[in-house]
Amino acid sequence: MPKRRKGRKVTGILLLDKPAGHTSNDALQRVKRLFGARKAGHTGSLDPLATGLLPICFGDATKVSGFLLDADKHYQVTCKLGVATDTGDAEGEITEQVGIPDLDESSVEAALAGFRGCIEQLPPMYSAIKHQGQRLYNLARQGVEVERDLREVEIHQLLLEDLREGELDLRVHCSKGTYIRTLAEDIAQALGTVGHVIALRRDGLGPYRQPQLWTIEQLESCAERGRDALDATLEPMDTALEQYPAIELADDLAFFVSQGQPVFVPKAPSEGWVRLYDAKRKFLGMGQILDDGRVGPKRLIAKAA
């Protein structure tokens with residue numbers, strides 16, 4: 001007999017406010033235990049130092065987690081100037097201390113202008129990228145440094161919110177794959193000094209812009225009131241996909257799609273991903289427009305009723 005999986009089936013997306021000092025996986029495991037969930041995964045790691053939005057996908061919602069992984073992110077970041085660390089943030093050991101030139105808003109703005117739009121970044125050694133099967137951060141902890149390829153990312157918005165003695169407060173809207181620690185280090189270098197991140201908060205990801213977040217303490221309080229109160233904190237899985245057009249399928253088309261067959265849908269978009277619903281507005285999953293104009297099912301969640 002196949003081994004029965006532990007936990008209950010829970011479906012939805014939790015918008016967790018990750019606490020500082022915890023890895024994303026630590027936060028995931030705590031939440032998964034609270035819900036007693038069979039299956040859960042997070043959508044993009046936050047550094048232990050960082051706080052803020054960490055979507056946790058439960059059950060069938062894990063099938064759409066990739067769309068959140070690919071989404072833009074929004075951050076509030078504080079960079080301390082004049083001090084560099086081996087990790088690029090306050091978790092690391094100090095490696096260099098240098099003077100800070102006289103700065104004002106206009107000089108900082110001039111430096112920031114060079115980081116807007118498409119830029120190239122060198123991924124930090126303290127990152128989860130793999131080199132010959134090993135995570136870079138594991139190699140870094142052994143004192144090993146390897147060559148890394150530059151990566152192109154896009155900085156959609158980069159704003160100076162405050163300039164204090166030796167510190168910058170920045171707001172960043174960026175593409176997936178952006179390393180905020182590297183961005184802070186590079187900005188500091190452009191200002192004629194060094195720097196590292198001392199505070200980082202993610203307050204937006206994809207369609208979720210400054211949403212209500214749930215702390216672990218709030219979730220524990222909900223759990224004391226019962227599973228219904230806990231499950232009420234979850235967002236429907238299709239809220240992660242609101243940037244994609246929605247298509248409502250007639251019963252016959254919904255049936256064929258649920259069997260994995262592409263279908264022609266009147267007035268469907270001409271390209272890209274689409275959300276699929278049946279006539280009762282039940283979310284079926286994601287589809288993609290094929291070259292011949294048909295809607296091809298790609299990430300099905302449920303069969304048509």
# chains A, B, ... in the order shown; residues from 1 in each chain; ligands from 1
call {"tool": "residues_around", "arguments": {"residues": "Arg33 in chain A", "least_positions_apart": "6", "cutoff": "12 Å", "atoms": "only C-alpha atoms", "output": "PyMOL selection string"}}
result
chain A and resi 6-8+10+26-27+39-40+58+216+219-220+223+230
call {"tool": "residues_around", "arguments": {"residues": "Gly272 in chain A", "least_positions_apart": "2", "cutoff": "8 Å", "atoms": "only C-alpha atoms", "output": "list of chain:residue names"}}
result
A:Pro269, A:Ser270, A:Val274, A:Gln288, A:Ile289
call {"tool": "residues_around", "arguments": {"residues": "Val265 in chain A", "least_positions_apart": "2", "cutoff": "10 Å", "atoms": "only C-alpha atoms", "output": "PyMOL selection string"}}
result
chain A and resi 247-250+253+262-263+267-269+293-295
call {"tool": "write_last_selection", "arguments": {"atoms": "C-alpha atoms", "output": "short mmCIF file (atom, residue, chain, number, x, y, z; two decimals), in the first residue's frame"}}
result
data_model
loop_
_atom_site.label_atom_id
_atom_site.label_comp_id
_atom_site.auth_asym_id
_atom_site.auth_seq_id
_atom_site.Cartn_x
_atom_site.Cartn_y
_atom_site.Cartn_z
CA ILE A 247 -11.55 33.38 -19.51
CA GLU A 248 -14.89 31.82 -18.61
CA LEU A 249 -15.46 28.52 -20.37
CA ALA A 250 -18.82 27.07 -21.37
CA LEU A 253 -15.17 23.66 -23.32
CA PRO A 262 -6.76 22.68 -26.09
CA VAL A 263 -9.93 24.49 -27.19
CA LYS A 267 -12.65 36.56 -28.06
CA ALA A 268 -9.72 35.00 -26.21
CA PRO A 269 -6.44 36.98 -26.05
CA GLY A 293 -5.00 30.53 -31.27
CA ARG A 294 -6.37 27.72 -29.11
CA VAL A 295 -6.26 27.88 -25.33
#
call {"tool": "closest_atom_pairs", "arguments": {"of": "range 184-266 of chain A", "to": "range 16-25 of chain A", "cutoff": "12 Å", "atoms": "only C-alpha atoms", "output": "CSV"}}
result
residue,atom,partner,partner_atom,distance
A:Ile198,CA,A:Ala20,CA,11.4
A:Ala199,CA,A:Ala20,CA,9.4
A:Leu200,CA,A:Ala20,CA,9.3
A:Arg201,CA,A:Lys18,CA,9.2
A:Arg202,CA,A:Asp17,CA,9.0
A:Asp203,CA,A:Asp17,CA,9.1
A:Gly204,CA,A:Asp17,CA,11.2
A:Leu205,CA,A:Leu16,CA,12.0
A:Tyr208,CA,A:Leu16,CA,11.7
A:Gln210,CA,A:Asp17,CA,11.1
A:Pro211,CA,A:Leu16,CA,10.2
A:Gln212,CA,A:Leu16,CA,8.9
A:Leu213,CA,A:Asp17,CA,5.3
A:Trp214,CA,A:Leu16,CA,4.9
A:Thr215,CA,A:Asp17,CA,5.0
A:Ile216,CA,A:Asp17,CA,7.5
A:Glu217,CA,A:Asp17,CA,10.1
A:Gln218,CA,A:Asp17,CA,10.0
A:Leu219,CA,A:Leu16,CA,9.3
A:Thr233,CA,A:Leu16,CA,9.7
A:Leu234,CA,A:Leu16,CA,9.9
A:Glu235,CA,A:Leu16,CA,11.1
call {"tool": "write_last_selection", "arguments": {"atoms": "N, CA and C atoms", "output": "mmCIF file, in the first residue's frame"}}
result
data_model
loop_
_atom_site.group_PDB
_atom_site.id
_atom_site.type_symbol
_atom_site.label_atom_id
_atom_site.label_comp_id
_atom_site.auth_asym_id
_atom_site.auth_seq_id
_atom_site.Cartn_x
_atom_site.Cartn_y
_atom_site.Cartn_z
ATOM 1 N N ILE A 198 21.295 47.123 6.537
ATOM 2 C CA ILE A 198 21.037 46.905 7.962
ATOM 3 C C ILE A 198 19.551 46.690 8.252
ATOM 4 N N ALA A 199 18.693 46.978 7.300
ATOM 5 C CA ALA A 199 17.257 46.713 7.458
ATOM 6 C C ALA A 199 16.655 46.509 6.081
ATOM 7 N N LEU A 200 15.792 45.496 5.972
ATOM 8 C CA LEU A 200 15.160 45.184 4.690
ATOM 9 C C LEU A 200 13.764 44.648 4.951
ATOM 10 N N ARG A 201 12.791 45.241 4.272
ATOM 11 C CA ARG A 201 11.412 44.783 4.403
ATOM 12 C C ARG A 201 10.781 44.700 3.021
ATOM 13 N N ARG A 202 10.186 43.556 2.718
ATOM 14 C CA ARG A 202 9.447 43.401 1.460
ATOM 15 C C ARG A 202 7.976 43.694 1.740
ATOM 16 N N ASP A 203 7.439 44.678 1.038
ATOM 17 C CA ASP A 203 6.038 45.032 1.273
ATOM 18 C C ASP A 203 5.178 44.869 0.029
ATOM 19 N N GLY A 204 5.727 44.250 -1.006
ATOM 20 C CA GLY A 204 4.943 43.988 -2.195
ATOM 21 C C GLY A 204 5.569 42.910 -3.042
ATOM 22 N N LEU A 205 4.714 42.106 -3.684
ATOM 23 C CA LEU A 205 5.178 41.042 -4.563
ATOM 24 C C LEU A 205 4.064 40.758 -5.555
ATOM 25 N N TYR A 208 0.255 41.556 -5.046
ATOM 26 C CA TYR A 208 0.069 41.911 -3.643
ATOM 27 C C TYR A 208 0.899 43.158 -3.318
ATOM 28 N N GLN A 210 1.306 46.050 -0.625
ATOM 29 C CA GLN A 210 1.005 46.470 0.739
ATOM 30 C C GLN A 210 -0.298 45.827 1.245
ATOM 31 N N PRO A 211 -0.399 44.508 1.143
ATOM 32 C CA PRO A 211 -1.609 43.812 1.610
ATOM 33 C C PRO A 211 -1.582 43.629 3.123
ATOM 34 N N GLN A 212 -2.683 43.129 3.653
ATOM 35 C CA GLN A 212 -2.693 42.742 5.063
ATOM 36 C C GLN A 212 -1.806 41.513 5.219
ATOM 37 N N LEU A 213 -0.857 41.594 6.134
ATOM 38 C CA LEU A 213 0.025 40.472 6.410
ATOM 39 C C LEU A 213 -0.327 39.868 7.762
ATOM 40 N N TRP A 214 0.004 38.594 7.912
ATOM 41 C CA TRP A 214 -0.269 37.873 9.160
ATOM 42 C C TRP A 214 1.043 37.499 9.826
ATOM 43 N N THR A 215 1.199 37.899 11.076
ATOM 44 C CA THR A 215 2.377 37.492 11.836
ATOM 45 C C THR A 215 2.155 36.089 12.388
ATOM 46 N N ILE A 216 3.239 35.451 12.768
ATOM 47 C CA ILE A 216 3.122 34.113 13.355
ATOM 48 C C ILE A 216 2.335 34.171 14.657
ATOM 49 N N GLU A 217 2.513 35.253 15.430
ATOM 50 C CA GLU A 217 1.757 35.393 16.687
ATOM 51 C C GLU A 217 0.265 35.502 16.419
ATOM 52 N N GLN A 218 -0.119 36.233 15.380
ATOM 53 C CA GLN A 218 -1.537 36.335 15.026
ATOM 54 C C GLN A 218 -2.092 34.984 14.587
ATOM 55 N N LEU A 219 -1.290 34.241 13.838
ATOM 56 C CA LEU A 219 -1.728 32.917 13.393
ATOM 57 C C LEU A 219 -1.885 31.964 14.577
ATOM 58 N N THR A 233 -7.577 33.030 7.209
ATOM 59 C CA THR A 233 -6.474 33.943 6.896
ATOM 60 C C THR A 233 -5.950 33.730 5.477
ATOM 61 N N LEU A 234 -6.404 32.687 4.797
ATOM 62 C CA LEU A 234 -5.870 32.341 3.482
ATOM 63 C C LEU A 234 -6.566 33.107 2.362
ATOM 64 N N GLU A 235 -5.773 33.482 1.369
ATOM 65 C CA GLU A 235 -6.295 34.106 0.153
ATOM 66 C C GLU A 235 -6.580 33.014 -0.880
#
call {"tool": "residues_around", "arguments": {"residues": "Met286 in chain A", "least_positions_apart": "3", "cutoff": "6 Å", "atoms": "only C-alpha atoms", "output": "PDB file with C-alpha atoms, in the first residue's frame"}}
result
ATOM      1  CA  VAL A 274      -4.800  33.235 -19.081  1.00  0.00           C
ATOM      2  CA  ARG A 275      -6.828  32.275 -16.013  1.00  0.00           C
ATOM      3  CA  LEU A 276      -9.422  29.592 -16.694  1.00  0.00           C
ATOM      4  CA  LYS A 298      -1.003  24.155 -18.657  1.00  0.00           C
ATOM      5  CA  ARG A 299      -1.425  24.316 -14.870  1.00  0.00           C
TER       6      ARG A 299
END
call {"tool": "closest_residue", "arguments": {"among": "A:Asp252, A:Glu224, A:Lys282, A:Ala188", "to": "Leu81 in chain A", "atoms": "only C-alpha atoms"}}
result
A:Ala188
call {"tool": "atom_distance", "arguments": {"atom1": "CA of His42 in chain A", "atom2": "CA of Leu28 in chain A"}}
result
6.6 Å
call {"tool": "closest_atom_pairs", "arguments": {"of": "range 147-232 of chain A", "to": "range 73-80 of chain A", "cutoff": "12 Å", "atoms": "only C-alpha atoms", "output": "JSON lines"}}
result
{"residue": "A:Val153", "atom": "CA", "partner": "A:Lys73", "partner_atom": "CA", "distance": 11.8}
{"residue": "A:Glu154", "atom": "CA", "partner": "A:Lys73", "partner_atom": "CA", "distance": 10.8}
{"residue": "A:Ile155", "atom": "CA", "partner": "A:Lys73", "partner_atom": "CA", "distance": 9.9}
{"residue": "A:His156", "atom": "CA", "partner": "A:His74", "partner_atom": "CA", "distance": 9.7}
{"residue": "A:Gln157", "atom": "CA", "partner": "A:His74", "partner_atom": "CA", "distance": 9.0}
{"residue": "A:Leu158", "atom": "CA", "partner": "A:Tyr75", "partner_atom": "CA", "distance": 9.8}
{"residue": "A:Leu159", "atom": "CA", "partner": "A:Gln76", "partner_atom": "CA", "distance": 9.7}
{"residue": "A:Leu160", "atom": "CA", "partner": "A:Val77", "partner_atom": "CA", "distance": 10.0}
{"residue": "A:Glu161", "atom": "CA", "partner": "A:Gln76", "partner_atom": "CA", "distance": 9.2}
{"residue": "A:Asp162", "atom": "CA", "partner": "A:Thr78", "partner_atom": "CA", "distance": 9.2}
{"residue": "A:Leu163", "atom": "CA", "partner": "A:Thr78", "partner_atom": "CA", "distance": 9.8}
{"residue": "A:Arg164", "atom": "CA", "partner": "A:Lys80", "partner_atom": "CA", "distance": 9.6}
{"residue": "A:Glu165", "atom": "CA", "partner": "A:Lys80", "partner_atom": "CA", "distance": 9.2}
{"residue": "A:Gly166", "atom": "CA", "partner": "A:Lys80", "partner_atom": "CA", "distance": 5.9}
{"residue": "A:Glu167", "atom": "CA", "partner": "A:Lys80", "partner_atom": "CA", "distance": 4.6}
{"residue": "A:Leu168", "atom": "CA", "partner": "A:Cys79", "partner_atom": "CA", "distance": 5.1}
{"residue": "A:Asp169", "atom": "CA", "partner": "A:Thr78", "partner_atom": "CA", "distance": 4.5}
{"residue": "A:Leu170", "atom": "CA", "partner": "A:Val77", "partner_atom": "CA", "distance": 5.3}
{"residue": "A:Arg171", "atom": "CA", "partner": "A:Gln76", "partner_atom": "CA", "distance": 4.7}
{"residue": "A:Val172", "atom": "CA", "partner": "A:Tyr75", "partner_atom": "CA", "distance": 5.1}
{"residue": "A:His173", "atom": "CA", "partner": "A:His74", "partner_atom": "CA", "distance": 4.5}
{"residue": "A:Cys174", "atom": "CA", "partner": "A:Lys73", "partner_atom": "CA", "distance": 5.5}
{"residue": "A:Ser175", "atom": "CA", "partner": "A:Lys73", "partner_atom": "CA", "distance": 6.3}
{"residue": "A:Lys176", "atom": "CA", "partner": "A:Lys73", "partner_atom": "CA", "distance": 6.8}
{"residue": "A:Gly177", "atom": "CA", "partner": "A:Lys73", "partner_atom": "CA", "distance": 9.5}
{"residue": "A:Thr178", "atom": "CA", "partner": "A:Lys73", "partner_atom": "CA", "distance": 8.8}
{"residue": "A:Tyr179", "atom": "CA", "partner": "A:Lys73", "partner_atom": "CA", "distance": 10.9}
{"residue": "A:Ile180", "atom": "CA", "partner": "A:Val77", "partner_atom": "CA", "distance": 8.1}
{"residue": "A:Arg181", "atom": "CA", "partner": "A:Cys79", "partner_atom": "CA", "distance": 8.8}
{"residue": "A:Thr182", "atom": "CA", "partner": "A:Cys79", "partner_atom": "CA", "distance": 10.9}
{"residue": "A:Leu183", "atom": "CA", "partner": "A:Cys79", "partner_atom": "CA", "distance": 9.9}
{"residue": "A:Ala184", "atom": "CA", "partner": "A:Cys79", "partner_atom": "CA", "distance": 6.2}
{"residue": "A:Glu185", "atom": "CA", "partner": "A:Cys79", "partner_atom": "CA", "distance": 8.4}
{"residue": "A:Asp186", "atom": "CA", "partner": "A:Cys79", "partner_atom": "CA", "distance": 10.9}
{"residue": "A:Ile187", "atom": "CA", "partner": "A:Cys79", "partner_atom": "CA", "distance": 9.3}
{"residue": "A:Ala188", "atom": "CA", "partner": "A:Cys79", "partner_atom": "CA", "distance": 8.3}
{"residue": "A:Gln189", "atom": "CA", "partner": "A:Cys79", "partner_atom": "CA", "distance": 11.9}
{"residue": "A:Thr193", "atom": "CA", "partner": "A:Lys80", "partner_atom": "CA", "distance": 10.4}
{"residue": "A:Val194", "atom": "CA", "partner": "A:Lys80", "partner_atom": "CA", "distance": 8.5}
{"residue": "A:Gly195", "atom": "CA", "partner": "A:Lys80", "partner_atom": "CA", "distance": 5.4}
{"residue": "A:His196", "atom": "CA", "partner": "A:Cys79", "partner_atom": "CA", "distance": 5.5}
{"residue": "A:Val197", "atom": "CA", "partner": "A:Cys79", "partner_atom": "CA", "distance": 4.5}
{"residue": "A:Ile198", "atom": "CA", "partner": "A:Thr78", "partner_atom": "CA", "distance": 5.8}
{"residue": "A:Ala199", "atom": "CA", "partner": "A:Thr78", "partner_atom": "CA", "distance": 5.0}
{"residue": "A:Leu200", "atom": "CA", "partner": "A:Val77", "partner_atom": "CA", "distance": 4.5}
{"residue": "A:Arg201", "atom": "CA", "partner": "A:Gln76", "partner_atom": "CA", "distance": 5.2}
{"residue": "A:Arg202", "atom": "CA", "partner": "A:Tyr75", "partner_atom": "CA", "distance": 4.4}
{"residue": "A:Asp203", "atom": "CA", "partner": "A:His74", "partner_atom": "CA", "distance": 5.8}
{"residue": "A:Gly204", "atom": "CA", "partner": "A:His74", "partner_atom": "CA", "distance": 4.7}
{"residue": "A:Leu205", "atom": "CA", "partner": "A:Lys73", "partner_atom": "CA", "distance": 4.5}
{"residue": "A:Gly206", "atom": "CA", "partner": "A:Lys73", "partner_atom": "CA", "distance": 6.5}
{"residue": "A:Pro207", "atom": "CA", "partner": "A:Lys73", "partner_atom": "CA", "distance": 9.7}
{"residue": "A:Tyr208", "atom": "CA", "partner": "A:Lys73", "partner_atom": "CA", "distance": 9.4}
{"residue": "A:Arg209", "atom": "CA", "partner": "A:His74", "partner_atom": "CA", "distance": 8.1}
{"residue": "A:Gln210", "atom": "CA", "partner": "A:His74", "partner_atom": "CA", "distance": 9.1}
{"residue": "A:Pro211", "atom": "CA", "partner": "A:His74", "partner_atom": "CA", "distance": 12.0}
call {"tool": "residues_around", "arguments": {"residues": "Thr11 in chain A", "least_positions_apart": "6", "cutoff": "8 Å", "atoms": "only C-alpha atoms", "output": "ChimeraX atom specification"}}
result
/A:57-61,236-237
call {"tool": "write_last_selection", "arguments": {"atoms": "N, CA and C atoms", "output": "short mmCIF file (atom, residue, chain, number, x, y, z; two decimals), in the first residue's frame"}}
result
data_model
loop_
_atom_site.label_atom_id
_atom_site.label_comp_id
_atom_site.auth_asym_id
_atom_site.auth_seq_id
_atom_site.Cartn_x
_atom_site.Cartn_y
_atom_site.Cartn_z
N CYS A 57 2.26 29.07 -0.08
CA CYS A 57 1.24 28.41 -0.89
C CYS A 57 0.96 27.02 -0.30
N PHE A 58 -0.32 26.77 -0.04
CA PHE A 58 -0.75 25.48 0.51
C PHE A 58 -1.46 24.66 -0.57
N GLY A 59 -1.22 23.35 -0.53
CA GLY A 59 -1.97 22.43 -1.37
C GLY A 59 -1.88 22.75 -2.85
N ASP A 60 -3.05 22.82 -3.52
CA ASP A 60 -3.08 23.08 -4.95
C ASP A 60 -2.46 24.41 -5.32
N ALA A 61 -2.42 25.35 -4.38
CA ALA A 61 -1.84 26.67 -4.67
C ALA A 61 -0.36 26.58 -5.00
N PRO A 236 -7.64 33.18 -1.70
CA PRO A 236 -7.85 32.23 -2.81
C PRO A 236 -6.63 32.21 -3.73
N MET A 237 -6.33 31.04 -4.27
CA MET A 237 -5.09 30.91 -5.04
C MET A 237 -5.08 31.80 -6.28
#
call {"tool": "closest_residue", "arguments": {"among": "A:Leu68, A:Cys118, A:Leu15, A:Leu191", "to": "Asp102 in chain A", "atoms": "only C-alpha atoms"}}
result
A:Leu191
